[in-house]
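Chemist: The structure under discussion is supplied below as structure tokens; questions concerning it will follow.
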Number of protein chains: 10
Amino acid sequence: MAGRSEHELSGVTLLGSQETVYKYQYDPSILEAFVNKHPENDYFVKFNCPEFTSICPKTGQPDFATIYISYVPDKLLVESKSLKLYLMSFRNHGDFHEDCVNIIMKDLIRLLDPKYIEVWGKFTPRGGISIDPYCNYGKPGTKWEQVAEKRLFYHDMYPEKVDNR
Amino acid sequence: MAGRSEHELSGVTLLGSQETVYKYQYDPSILEAFVNKHPENDYFVKFNCPEFTSICPKTGQPDFATIYISYVPDKLLVESKSLKLYLMSFRNHGDFHEDCVNIIMKDLIRLLDPKYIEVWGKFTPRGGISIDPYCNYGKPGTKWEQVAEKRLFYHDMYPEKVDNR
Amino acid sequence: MAGRSEHELSGVTLLGSQETVYKYQYDPSILEAFVNKHPENDYFVKFNCPEFTSICPKTGQPDFATIYISYVPDKLLVESKSLKLYLMSFRNHGDFHEDCVNIIMKDLIRLLDPKYIEVWGKFTPRGGISIDPYCNYGKPGTKWEQVAEKRLFYHDMYPEKVDNR
Amino acid sequence: MAGRSEHELSGVTLLGSQETVYKYQYDPSILEAFVNKHPENDYFVKFNCPEFTSICPKTGQPDFATIYISYVPDKLLVESKSLKLYLMSFRNHGDFHEDCVNIIMKDLIRLLDPKYIEVWGKFTPRGGISIDPYCNYGKPGTKWEQVAEKRLFYHDMYPEKVDNR
Amino acid sequence: MAGRSEHELSGVTLLGSQETVYKYQYDPSILEAFVNKHPENDYFVKFNCPEFTSICPKTGQPDFATIYISYVPDKLLVESKSLKLYLMSFRNHGDFHEDCVNIIMKDLIRLLDPKYIEVWGKFTPRGGISIDPYCNYGKPGTKWEQVAEKRLFYHDMYPEKVDNR
Amino acid sequence: MAGRSEHELSGVTLLGSQETVYKYQYDPSILEAFVNKHPENDYFVKFNCPEFTSICPKTGQPDFATIYISYVPDKLLVESKSLKLYLMSFRNHGDFHEDCVNIIMKDLIRLLDPKYIEVWGKFTPRGGISIDPYCNYGKPGTKWEQVAEKRLFYHDMYPEKVDNR
Amino acid sequence: MAGRSEHELSGVTLLGSQETVYKYQYDPSILEAFVNKHPENDYFVKFNCPEFTSICPKTGQPDFATIYISYVPDKLLVESKSLKLYLMSFRNHGDFHEDCVNIIMKDLIRLLDPKYIEVWGKFTPRGGISIDPYCNYGKPGTKWEQVAEKRLFYHDMYPEKVDNR
Amino acid sequence: MAGRSEHELSGVTLLGSQETVYKYQYDPSILEAFVNKHPENDYFVKFNCPEFTSICPKTGQPDFATIYISYVPDKLLVESKSLKLYLMSFRNHGDFHEDCVNIIMKDLIRLLDPKYIEVWGKFTPRGGISIDPYCNYGKPGTKWEQVAEKRLFYHDMYPEKVDNR
Amino acid sequence: MAGRSEHELSGVTLLGSQETVYKYQYDPSILEAFVNKHPENDYFVKFNCPEFTSICPKTGQPDFATIYISYVPDKLLVESKSLKLYLMSFRNHGDFHEDCVNIIMKDLIRLLDPKYIEVWGKFTPRGGISIDPYCNYGKPGTKWEQVAEKRLFYHDMYPEKVDNR
Amino acid sequence: MAGRSEHELSGVTLLGSQETVYKYQYDPSILEAFVNKHPENDYFVKFNCPEFTSICPKTGQPDFATIYISYVPDKLLVESKSLKLYLMSFRNHGDFHEDCVNIIMKDLIRLLDPKYIEVWGKFTPRGGISIDPYCNYGKPGTKWEQVAEKRLFYHDMYPEKVDNR
Ligand SMILES: [Ca+2]
Ligand SMILES: [Ca+2]
Ligand SMILES: [Ca+2]
Ligand SMILES: [Ca+2]
Ligand SMILES: [Ca+2]
Ligand SMILES: [Ca+2]
Ligand SMILES: [Ca+2]
Ligand SMILES: [Ca+2]
Ligand SMILES: [Ca+2]
Ligand SMILES: [Ca+2]
Ligand SMILES: [Ca+2]
Ligand SMILES: [Ca+2]
Ligand SMILES: [Ca+2]
Ligand SMILES: [Ca+2]
Ligand SMILES: [Ca+2]
Ligand SMILES: [Ca+2]
């Protein structure tokens with residue numbers, strides 16, 4: 001039935017696994033990758049992750065966000081169940097919103113060595129104000145370095161309406 | 001009544017046909033094309049396909065997506081009923097989200113030899129995360145090769161709000 | 001009361017007319033134009049037309065669409081009531097979606113000789129798939145020729161959500 | 001960590017199981033139940049199921065729907081993973097929309113002997129028309145029999161806007 | 001594959017038929033019915049029909065509406081393809097909005113002898129005003145007669161927002 | 001083509017008329033009615049009128065509203081073009097919001113002697129506050145008198161979200 | 001131009017006034033009323049007030065809400081500009097959300113002696129939770145006393161979606 | 001500045017407190033109450049809580065929900081900051097969706113002895129299905145007992161659209 | 001209290017004025033300007049004006065639109081109350097949609113001598129079609145001349161959905 | 001638990017502080033900053049602030065807005081609680097909409113010396129018109145100076161729909 005052979009699924013250990021362990025302390029080693037079968041043509045993969053939660057490092061109260069991750073793969077794709085478990089590992093981790101999105105991006109760069117990646121967090125408000133950090137990256141020495149700069153320059157020129165309800 | 005003559009409809013065998021057969025195993029031979037009557041002026045045709053379903057190659061459970069296909073025809077247009085039957089043929093086919101959109105694009109390139117084409121899949125979530133792959137293509141050696149690159153570079157800079165409800 | 005004098009309304013015979021005749025067979029001769037009073041400054045005029053219906057040339061069943069028409073006038077503006085009657089004349093006309101939008105654009109080019117024009121049709125689904133063709137045109141030898149190309153290159157990079165409901 | 005003890009989870013064999021088998025032929029034996037810990041107070045449980053698909057018994061083409069199931073438990077609750085697998089078993093099953101919702105309701109009545117249950121299907125259009133069947137049931141000889149009648153009498157007095165896009 | 005046997009599909013001649021004829025003059029004889037397999041339990045069936053068009057009897061210009069039809073079957077269900085063809089037969093028929101919805105309801109009562117039925121039309125505006133007629137019916141001498149009255153009494157207490165755009 | 005005969009259109013003088021005169025001072029004599037062909041079955045007719053404007057009697061500045069009118073006809077229906085012209089006649093008329101909706105209802109009662117009628121105005125804000133008056137009426141001595149009371153008692157229990165943007 | 005005579009506007013001193021004074025400390029004496037010209041027919045008047053702000057009595061930080069006020073007048077109507085000024089007078093006033101809506105209702109009862117009134121506040125979140133208090137009142141000894149009880153009993157059975165964004 | 005005196009704030013220890021401790025294990029002792037100053041008039045208070053998260057007792061993976069809590073106070077009101085801390089205490093607690101809403105309701109009944117209360121949870125999907133439990137309660141021997149039954153009988157007759165995106 | 005001194009408000013005669021006169025015949029002399037205090041940094045100011053109404057020059061019936069005005073000030077800002085009165089002066093003025101937006105832009109250019117300005121009108125439909133004209137301007141000999149051209153070239157590439165309801 | 005060490009939180013005095021003082025007179029000295037830990041990669045941080053209110057300098061009445069602030073940090077990040085307190089300090093400050101957004105931007109430039117910043121205010125309407133000023137800034141002598149110009153040139157080409165409700 002599958003278009004992917006067993007061989008093409010090598011490295012994927014968590015998906016469909018029977019003994020998933022959920023860690024709630026930040027752990028980037030959870031992340032897994034598998035081979036990109038379409039390397040001849042650049043393309044985007046986006047993850048919509050509305051169930052992100054972490055802890056405020058100063059007050060200790062939980063923060064909530066939707067995290068959007070988009071990347072252009074080179075040789076590797078991130079496996080989505082391992083991404084889920086990795087994001088869950090922030091559950092009892094304390095960091096500012098601005099730090100979380102930068103850390104997520106850096107961990108995925110280390111795992112995938114992607115051509116391009118961006119991470120956008122949209123957090124719920126505290127004290128009537130919500131914070132949305134956005135960072136991106138293009139592989140140095142490739143055209144994606146310029147793409148990253150351009151996408152940053154023209155980032156979010158149409159802010160969504162936010163009314164805290 | 002018709003603006004299209006019988007001759008101009010040649011190659012269209014499935015539309016209005018009385019003995020439609022639905023295949024539920026991936027089969028690109030289903031696709032049919034007909035002649036483009038407006039070749040002097042480049043234009044876009046988009047298909048919105050919210051009824052796409054395939055099978056996860058690892059777990060065997062069904063996946064669901066809306067697939068958006070846009071292309072600039074050269075000599076041929078894809079006939080929409082054959083496209084419907086082709087997309088239905090993924091119903092019992094197992095492949096990752098990232099693979100499905102690349103396969104659909106490649107099959108349509110083979111059929112149509114279009115100037116430009118892009119395929120965007122927006123899947124429903126598994127484990128709280130949804131995946132949206134996007135690939136595109138411009139005919140090599142034409143200006144559409146650069147267009148494809150530009151559209152990829154500026155792809156999806158305004159992610160839609162996703163909250164899994 | 002009117003800012004437009006009688007003279008400036010010359011050529012407008014259908015608007016406010018008492019004996020409107022509705023034709024339901026395609027007839028581009030219905031279209032009327034009047035003079036552009038602001039030729040010193042290029043500007044856009046858009047028509048939103050959600051009541052378009054035609055006939056499938058192969059199956060004979062009715063099709064429905066919203067047609068969006070945008071143009072930059074040169075010396076002439078199309079009169080909106082004549083445009084309404086012209087679009088109504090597709091009611092019993094059979095043609096594919098891709099053909100309809102190209103025909104509408106060509107008829108308006110003939111009428112208005114505009115600097116720029118584009119026509120976008122968004123049809124309701126058949127068999128779970130809907131089709132949205134888009135064509136455009138810039139007057140050859142003017143800067144609007146390049147504008148048409150650019151607008152085509154960057155057309156519809158953010159597909160609207162379609163779920164057939 | 002769990003508020004539910006092992007004992008209170010007895011009968012739950014599919015959730016968290018490592019060898020899930022996906023059947024694509026209608027099979028009500030998949031359904032599993034577990035004990036209701038709050039029987040002293042009537043309450044509602046609703047399932048939102050936007051990934052339902054079946055086959056048209058006459059034409060063989062796939063149908064798609066969102067199924068909403070609401071019930072008031074008596075002694076038993078339906079386990080959600082078994083419900084998922086049960087609904088998936090319609091994937092290659094052919095029946096009219098009106099039949100599907102009635103069958104789902106009857107199977108859940110047999111499993112749960114609930115005080116009250118209702119099933120509402122909202123299907124995607126074919127030929128420009130979509131169909132939304134709704135059935136419900138109250139346990140005979142209880143006040144829920146009258147509740148079912150009242151809810152049917154006042155069903156859906158505010159139809160949602162449907163425009164096939 | 002089908003849950004419905006051939007016998008249970010008797011009377012269904014248009015669905016899947018190879019020689020569909022589209023009539024554009026009002027013709028209630030198009031309507032077909034088939035047997036209700038769940039008569040022991042009253043339930044609702046709703047049709048959403050956003051592609052309705054007719055002709056203004058006074059001016060001759062086309063009108064457009066979404067028609068919502070809901071009914072509680074007794075022995076018969078209306079077949080949806082025949083309903084589609086029936087509604088299409090208003091395409092060149094001239095009547096006021098208020099007349100159309102009443103006629104549709106009466107034709108379906110004649111066909112189905114349902115326990116209950118209601119028809120709601122939501123038309124597009126003319127001259128800045130849109131008209132939404134609503135009629136209903138309960139079988140005389142049954143409890144559904146009172147249901148019809150109650151549903152009429154409490155009809156549409158929350159008008160949807162209409163701004164003509 | 002028309003379902004309505006000439007006779008059945010008697011009293012309709014403005015629709016399709018060639019010499020429409022627009023009055024901008026309040027004039028209830030503009031209203032016209034025609035005969036209800038479906039008197040055996042009570043039904044609702046609603047008008048959505050988003051283009052209402054009047055003048056503040058104290059400050060002289062214009063007010064804007066969407067007016068929703070719903071009624072159950074007895075022997076007569078109001079003709080929609082005459083209703084349009086009547087509503088336009090408030091254009092230079094000064095009255096408070098609360099007065100306008102009551103006046104409109106009273107004029108339509110005088111014209112139609114309906115079984116039931118209600119008028120709901122939703123005005124744009126002044127000084128950050130918007131006003132929505134609602135009045136209704138049931139023919140005295142009929143069951144519609146009680147219906148009017150009930151609909152008033154349960155009016156607008158779910159206020160729409162208003163944020164002045 | 002005005003439908004209201006000077007006499008009928010007596011008591012209205014703030015509307016159109018040239019020397020409006022804005023008070024930012026709670027002051028119910030600001031409220032003004034004028035005569036109801038339609039006392040023979042009960043009707044509703046609603047105010048949408050999205051610009052309400054007060055102070056938290058414990059922490060001193062500002063709170064924000066949309067206040068919805070609906071009432072059935074007896075002899076008097078509240079003048080909207082005085083209502084605006086009254087609501088502004090909470091700007092530097094400290095009280096809990098639950099207290100504010102009760103106070104507003106009581107002040108308007110004192111001013112208007114209405115048949116019925118209700119006040120609903122929808123506040124923005126603090127610490128991830130938002131609070132929406134709702135109170136109502138029917139004049140004792142009238143049928144509106146029962147109406148108030150019924151409207152309270154069936155209050156807000158369909159909570160709006162709130163996601164703090 | 002405050003409408004509430006110090007005395008009227010007695011029992012409120014967490015709001016504005018400087019040493020908030022966040023517990024992530026279920027602990028109903030966190031809840032605090034303060035006195036209702038408007039006991040002469042029944043009214044509703046609703047909390048919108050979109051930041052609820054708990055743990056699946058079988059698989060250990062996190063669940064996410066929006067919890068809506070509505071109650072009619074008797075002598076006491078729940079303090080909102082203590083409610084926030086209480087709901088946070090489910091963060092590392094494992095229970096099924098159906099159990100969580102029942103537990104929350106019972107804890108608030110114990111704290112407040114309210115006249116009426118209801119709790120509605122709307123969870124994000126797992127495996128394509130989302131679960132929305134709803135429970136309510138009216139104080140035995142009062143009219144609110146019947147209100148609870150009626151609100152349960154007519155619960156959620158208009159399911160919100162859920163499409164998992 | 002004010003950040004603006006009396007001197008900085010010179011030229012502002014209508015705002016807060018006690019004797020506002022509303023003119024309903026087109027009169028550009030109403031417009032007032034005041035000094036821009038931030039000339040060192042170019043910035044945009046936009047006006048959203050949903051209460052625009054004029055008269056059709058041919059039929060005499062009223063037209064309605066939302067007008068969006070955006071500009072980059074040089075030395076002067078337009079005062080918003082005078083802008084309101086100016087737009088009101090179109091109330092009894094007859095002109096085509098295309099003419100109105102051009103006239104408004106030209107009057108504001110004369111008043112403000114801005115670096116850049118654009119005017120976009122979105123009118124309600126007549127005969128099923130709505131018209132949205134858009135014009136813009138950049139000060140000749142400055143970089144804003146090129147900006148105007150670029151903004152025109154890329155104008156409205158994503159038409160909003162319009163369905164006349 | 002925290003990813004940020006105490007040292008990395010130096011300069012943050014208000015967050016989690018127990019003695020927050022709310023000032024309601026404009027005071028830019030409230031603003032606090034902390035160190036940017038990711039200076040090697042440019043990124044955006046956005047604040048959504050829907051609870052902004054100030055005073056009209058001419059009429060004295062309150063104004064309300066949502067303020068969107070986006071910036072690219074250099075060495076410093078603004079602490080969000082201090083930003084909240086700073087924005088609150090406009091509560092009794094009088095200034096025009098255009099002035100407020102320019103002042104906010106200038107104060108943040110002074111605090112942060114950011115690479116890039118923009119401030120967009122969207123105010124509620126007065127007299128039927130709402131005003132949305134937008135200003136931005138790029139550090140002189142860096143590429144961000146050109147970015148600021150480009151973002152200004154292409155600002156808000158798709159105005160959101162505003163209807164004052
Ligand atoms: Ca919102
Ligand atoms: Ca899952
Ligand atoms: Ca959603
Ligand atoms: Ca849709
Ligand atoms: Ca839709
Ligand atoms: Ca599950
Ligand atoms: Ca079809
Ligand atoms: Ca019209
Ligand atoms: Ca609308
Ligand atoms: Ca006012
Ligand atoms: Ca709004
Ligand atoms: Ca929201
Ligand atoms: Ca959704
Ligand atoms: Ca619309
Ligand atoms: Ca103003
Ligand atoms: Ca709006």
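In the structure tokens, the first chain shown is A, the next is B, and so on; residue numbers restart at 1 for each chain, and ligands run from 1 in the order shown.
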Env of Thr124 (chain F): 12 Å cut, atoms = only C-alpha atoms, seq-sep filter 5 positions within chain, self excluded. Answer as a PyMOL selection string.

Modeler: (chain F and resi 50-54+62-67+97+129-132+162-165) or (chain G and resi 47-49) or (chain I and resi 49-51) or (chain J and resi 124-129+162-165)

Chemist: Output N, CA, C and O atoms of each residue in that selection to a file, as a CSV table (one decimal), in the first residue's frame.

Modeler:
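Output below, filename selection.csv:
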```csv
chain,number,residue,atom,x,y,z
F,50,PRO,N,-30.0,47.2,4.2
F,50,PRO,CA,-28.8,47.8,4.8
F,50,PRO,C,-28.5,49.2,4.3
F,50,PRO,O,-27.5,49.7,4.7
F,51,GLU,N,-29.4,49.8,3.6
F,51,GLU,CA,-29.1,51.1,3.0
F,51,GLU,C,-30.0,52.2,3.6
F,51,GLU,O,-30.4,53.1,2.9
F,52,PHE,N,-30.4,52.1,4.9
F,52,PHE,CA,-31.3,53.1,5.5
F,52,PHE,C,-30.5,54.2,6.0
F,52,PHE,O,-29.5,54.0,6.7
F,53,THR,N,-31.0,55.4,5.8
F,53,THR,CA,-30.3,56.6,6.4
F,53,THR,C,-31.4,57.7,6.7
F,53,THR,O,-32.4,57.8,5.9
F,54,SER,N,-31.2,58.3,7.8
F,54,SER,CA,-32.1,59.4,8.3
F,54,SER,C,-31.3,60.5,8.9
F,54,SER,O,-30.1,60.5,8.8
F,62,PRO,N,-26.4,63.0,9.7
F,62,PRO,CA,-27.1,61.8,9.2
F,62,PRO,C,-26.8,60.6,10.1
F,62,PRO,O,-25.8,60.4,10.7
F,63,ASP,N,-27.8,59.7,10.2
F,63,ASP,CA,-27.7,58.4,10.8
F,63,ASP,C,-27.8,57.3,9.8
F,63,ASP,O,-28.5,57.5,8.7
F,64,PHE,N,-27.2,56.1,10.1
F,64,PHE,CA,-27.2,55.0,9.1
F,64,PHE,C,-27.6,53.7,9.9
F,64,PHE,O,-27.2,53.5,11.0
F,65,ALA,N,-28.4,52.9,9.2
F,65,ALA,CA,-28.8,51.6,9.9
F,65,ALA,C,-29.1,50.6,8.8
F,65,ALA,O,-29.3,50.8,7.6
F,66,THR,N,-29.0,49.3,9.3
F,66,THR,CA,-29.6,48.2,8.6
F,66,THR,C,-31.0,47.9,9.2
F,66,THR,O,-31.0,47.8,10.5
F,67,ILE,N,-32.0,47.9,8.4
F,67,ILE,CA,-33.4,47.7,8.9
F,67,ILE,C,-33.8,46.3,8.5
F,67,ILE,O,-33.7,45.9,7.3
F,97,HIS,N,-33.7,57.1,16.5
F,97,HIS,CA,-33.7,55.7,16.1
F,97,HIS,C,-35.0,55.0,16.6
F,97,HIS,O,-35.6,54.2,15.9
F,129,ILE,N,-21.3,54.5,21.0
F,129,ILE,CA,-22.4,53.7,21.4
F,129,ILE,C,-23.3,53.6,20.1
F,129,ILE,O,-23.6,54.6,19.5
F,130,SER,N,-23.8,52.3,19.9
F,130,SER,CA,-24.8,52.2,18.8
F,130,SER,C,-26.1,51.7,19.4
F,130,SER,O,-26.1,51.1,20.5
F,131,ILE,N,-27.2,52.0,18.7
F,131,ILE,CA,-28.5,51.8,19.3
F,131,ILE,C,-29.3,50.8,18.3
F,131,ILE,O,-29.3,51.1,17.1
F,132,ASP,N,-29.9,49.8,18.9
F,132,ASP,CA,-30.7,48.9,18.1
F,132,ASP,C,-32.1,48.7,18.6
F,132,ASP,O,-32.4,47.9,19.5
F,162,VAL,N,-20.2,43.5,18.8
F,162,VAL,CA,-20.1,44.9,18.2
F,162,VAL,C,-18.8,45.5,18.8
F,162,VAL,O,-18.6,45.5,20.0
F,163,ASP,N,-17.9,45.9,17.9
F,163,ASP,CA,-16.6,46.5,18.4
F,163,ASP,C,-16.3,47.8,17.7
F,163,ASP,O,-15.2,48.3,17.8
F,164,ASN,N,-17.3,48.3,17.0
F,164,ASN,CA,-17.2,49.6,16.3
F,164,ASN,C,-16.2,49.6,15.2
F,164,ASN,O,-15.8,50.7,14.7
F,165,ARG,N,-15.7,48.5,14.7
F,165,ARG,CA,-14.8,48.5,13.6
F,165,ARG,C,-15.4,47.6,12.5
F,165,ARG,O,-16.3,46.8,12.7
G,47,PHE,N,-28.3,49.0,23.6
G,47,PHE,CA,-27.1,49.8,23.4
G,47,PHE,C,-25.9,48.9,23.4
G,47,PHE,O,-25.8,48.1,24.3
G,48,ASN,N,-25.1,49.1,22.3
G,48,ASN,CA,-23.8,48.3,22.2
G,48,ASN,C,-22.7,49.3,22.6
G,48,ASN,O,-22.6,50.3,22.0
G,49,CYS,N,-22.0,49.0,23.7
G,49,CYS,CA,-21.0,50.0,24.3
G,49,CYS,C,-19.6,49.3,24.4
G,49,CYS,O,-19.2,48.9,25.4
I,49,CYS,N,-14.3,55.2,6.2
I,49,CYS,CA,-15.5,56.0,6.1
I,49,CYS,C,-16.7,55.2,5.6
I,49,CYS,O,-17.0,55.2,4.4
I,50,PRO,N,-17.3,54.4,6.4
I,50,PRO,CA,-18.4,53.5,5.9
I,50,PRO,C,-19.7,54.1,5.7
I,50,PRO,O,-20.7,53.4,5.4
I,51,GLU,N,-19.8,55.4,5.9
I,51,GLU,CA,-21.2,56.1,5.9
I,51,GLU,C,-21.3,57.0,4.7
I,51,GLU,O,-21.9,58.1,4.8
J,124,THR,N,-11.2,53.6,17.3
J,124,THR,CA,-12.6,53.4,17.0
J,124,THR,C,-13.2,54.7,16.5
J,124,THR,O,-12.6,55.8,16.7
J,125,PRO,N,-14.3,54.7,15.8
J,125,PRO,CA,-14.8,55.9,15.0
J,125,PRO,C,-15.3,56.9,15.9
J,125,PRO,O,-15.8,56.7,17.0
J,126,ARG,N,-15.2,58.1,15.4
J,126,ARG,CA,-15.9,59.3,16.0
J,126,ARG,C,-16.7,59.9,14.8
J,126,ARG,O,-16.0,60.1,13.7
J,127,GLY,N,-18.0,60.2,14.9
J,127,GLY,CA,-18.7,60.8,13.8
J,127,GLY,C,-18.7,59.9,12.6
J,127,GLY,O,-18.9,60.4,11.5
J,128,GLY,N,-18.6,58.6,12.7
J,128,GLY,CA,-18.7,57.7,11.6
J,128,GLY,C,-17.4,57.4,10.9
J,128,GLY,O,-17.4,56.6,10.0
J,129,ILE,N,-16.3,58.1,11.3
J,129,ILE,CA,-15.0,57.9,10.7
J,129,ILE,C,-14.0,57.4,11.7
J,129,ILE,O,-13.9,57.9,12.8
J,162,VAL,N,-14.1,47.8,7.3
J,162,VAL,CA,-14.6,48.5,8.5
J,162,VAL,C,-16.0,48.9,8.3
J,162,VAL,O,-16.3,49.6,7.3
J,163,ASP,N,-16.9,48.5,9.2
J,163,ASP,CA,-18.3,49.0,9.0
J,163,ASP,C,-18.9,49.6,10.2
J,163,ASP,O,-20.1,49.8,10.4
J,164,ASN,N,-18.1,49.9,11.2
J,164,ASN,CA,-18.5,50.6,12.4
J,164,ASN,C,-19.4,49.7,13.3
J,164,ASN,O,-20.0,50.3,14.2
J,165,ARG,N,-19.5,48.5,13.1
J,165,ARG,CA,-20.2,47.6,14.0
J,165,ARG,C,-19.3,46.5,14.5
J,165,ARG,O,-18.3,46.2,14.0
```

Chemist: List the spatial neighbours of Gly138 (chain J) as a PDB file with N, CA, C and O atoms, in the first residue's frame - criterion: any atom at most 7 Å away, only C-alpha atoms, same-chain residues fewer than 4 positions off excluded.

Modeler:
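The new file result35.pdb reads:
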```pdb
ATOM      1  N   LYS J 115      17.032  48.125  15.491  1.00  0.00           N
ATOM      2  CA  LYS J 115      17.372  48.192  14.076  1.00  0.00           C
ATOM      3  C   LYS J 115      16.202  48.728  13.262  1.00  0.00           C
ATOM      4  O   LYS J 115      16.360  49.516  12.339  1.00  0.00           O
ATOM      5  N   TYR J 116      15.012  48.267  13.648  1.00  0.00           N
ATOM      6  CA  TYR J 116      13.806  48.678  12.934  1.00  0.00           C
ATOM      7  C   TYR J 116      12.644  48.706  13.907  1.00  0.00           C
ATOM      8  O   TYR J 116      12.588  47.886  14.833  1.00  0.00           O
ATOM      9  N   ILE J 117      11.679  49.612  13.679  1.00  0.00           N
ATOM     10  CA  ILE J 117      10.452  49.617  14.488  1.00  0.00           C
ATOM     11  C   ILE J 117       9.315  50.239  13.691  1.00  0.00           C
ATOM     12  O   ILE J 117       9.529  51.123  12.847  1.00  0.00           O
ATOM     13  N   TRP J 144      18.474  48.734   7.337  1.00  0.00           N
ATOM     14  CA  TRP J 144      17.117  48.883   7.864  1.00  0.00           C
ATOM     15  C   TRP J 144      16.508  50.235   7.524  1.00  0.00           C
ATOM     16  O   TRP J 144      15.276  50.396   7.567  1.00  0.00           O
ATOM     17  N   GLU J 145      17.343  51.182   7.183  1.00  0.00           N
ATOM     18  CA  GLU J 145      16.793  52.464   6.727  1.00  0.00           C
ATOM     19  C   GLU J 145      16.013  52.254   5.422  1.00  0.00           C
ATOM     20  O   GLU J 145      14.923  52.777   5.240  1.00  0.00           O
ATOM     21  N   VAL J 147      14.801  49.331   4.451  1.00  0.00           N
ATOM     22  CA  VAL J 147      13.650  48.483   4.762  1.00  0.00           C
ATOM     23  C   VAL J 147      12.466  49.335   5.224  1.00  0.00           C
ATOM     24  O   VAL J 147      11.327  49.130   4.799  1.00  0.00           O
ATOM     25  N   ALA J 148      12.742  50.290   6.080  1.00  0.00           N
ATOM     26  CA  ALA J 148      11.671  51.153   6.580  1.00  0.00           C
ATOM     27  C   ALA J 148      10.983  51.877   5.430  1.00  0.00           C
ATOM     28  O   ALA J 148       9.748  51.984   5.379  1.00  0.00           O
TER      29      ALA J 148
END
```

Chemist: Using Å and a single decimal, report how far CA of Glu32 (chain D) sits from CA of Glu8 (chain D).

Modeler: 13.8 Å

Chemist: Could you give me, as a PyMOL selection string, the residues within 10 Å of Phe90 (chain F), counting only C-alpha atoms and dropping anything in the same chain fewer than 4 positions from it?

Modeler: chain F and resi 23-28+52-55+85-86+94-95+100+104

Chemist: Which of chain G end up as alpha helix (DSSP H) when DSSP is run on this backbone - answer as a ChimeraX atom specification?

Modeler: /G:80-88,97-112,143-153

Chemist: Enumerate as a PyMOL selection string all residues of region 15-158 of chain E assigned to strand (DSSP E or B) by DSSP on the backbone, naming them with the chain letters and numbers the document uses.

Modeler: chain E and resi 33-35+43-55+62-72+76-78+94+116-123+126+129-138

Chemist: Give me the residues near Tyr154 (chain A) as a list of chain:residue names, where near means some atom within 10 Å (using only C-alpha atoms) and where sequence neighbours in that chain fewer than 6 positions away do not count.

Modeler: B:Tyr154, B:Met157, J:Val147, J:Ala148, J:Lys150, J:Arg151, J:Tyr154

Chemist: Residues of chain A within 12 Å of ligand 2: nearest atom pair and distance (Å, one decimal) for each, counting only C-alpha atoms and all ligand atoms, sorted by chain and number, as a tab-separated table?

Modeler:
```
residue	atom	partner	partner_atom_place_in_ligand_line	distance
A:Leu15	CA	ligand 2	1 (Ca)	10.7
A:Gly16	CA	ligand 2	1 (Ca)	10.5
A:Ser80	CA	ligand 2	1 (Ca)	11.1
A:Lys81	CA	ligand 2	1 (Ca)	9.4
A:Lys84	CA	ligand 2	1 (Ca)	10.4
```
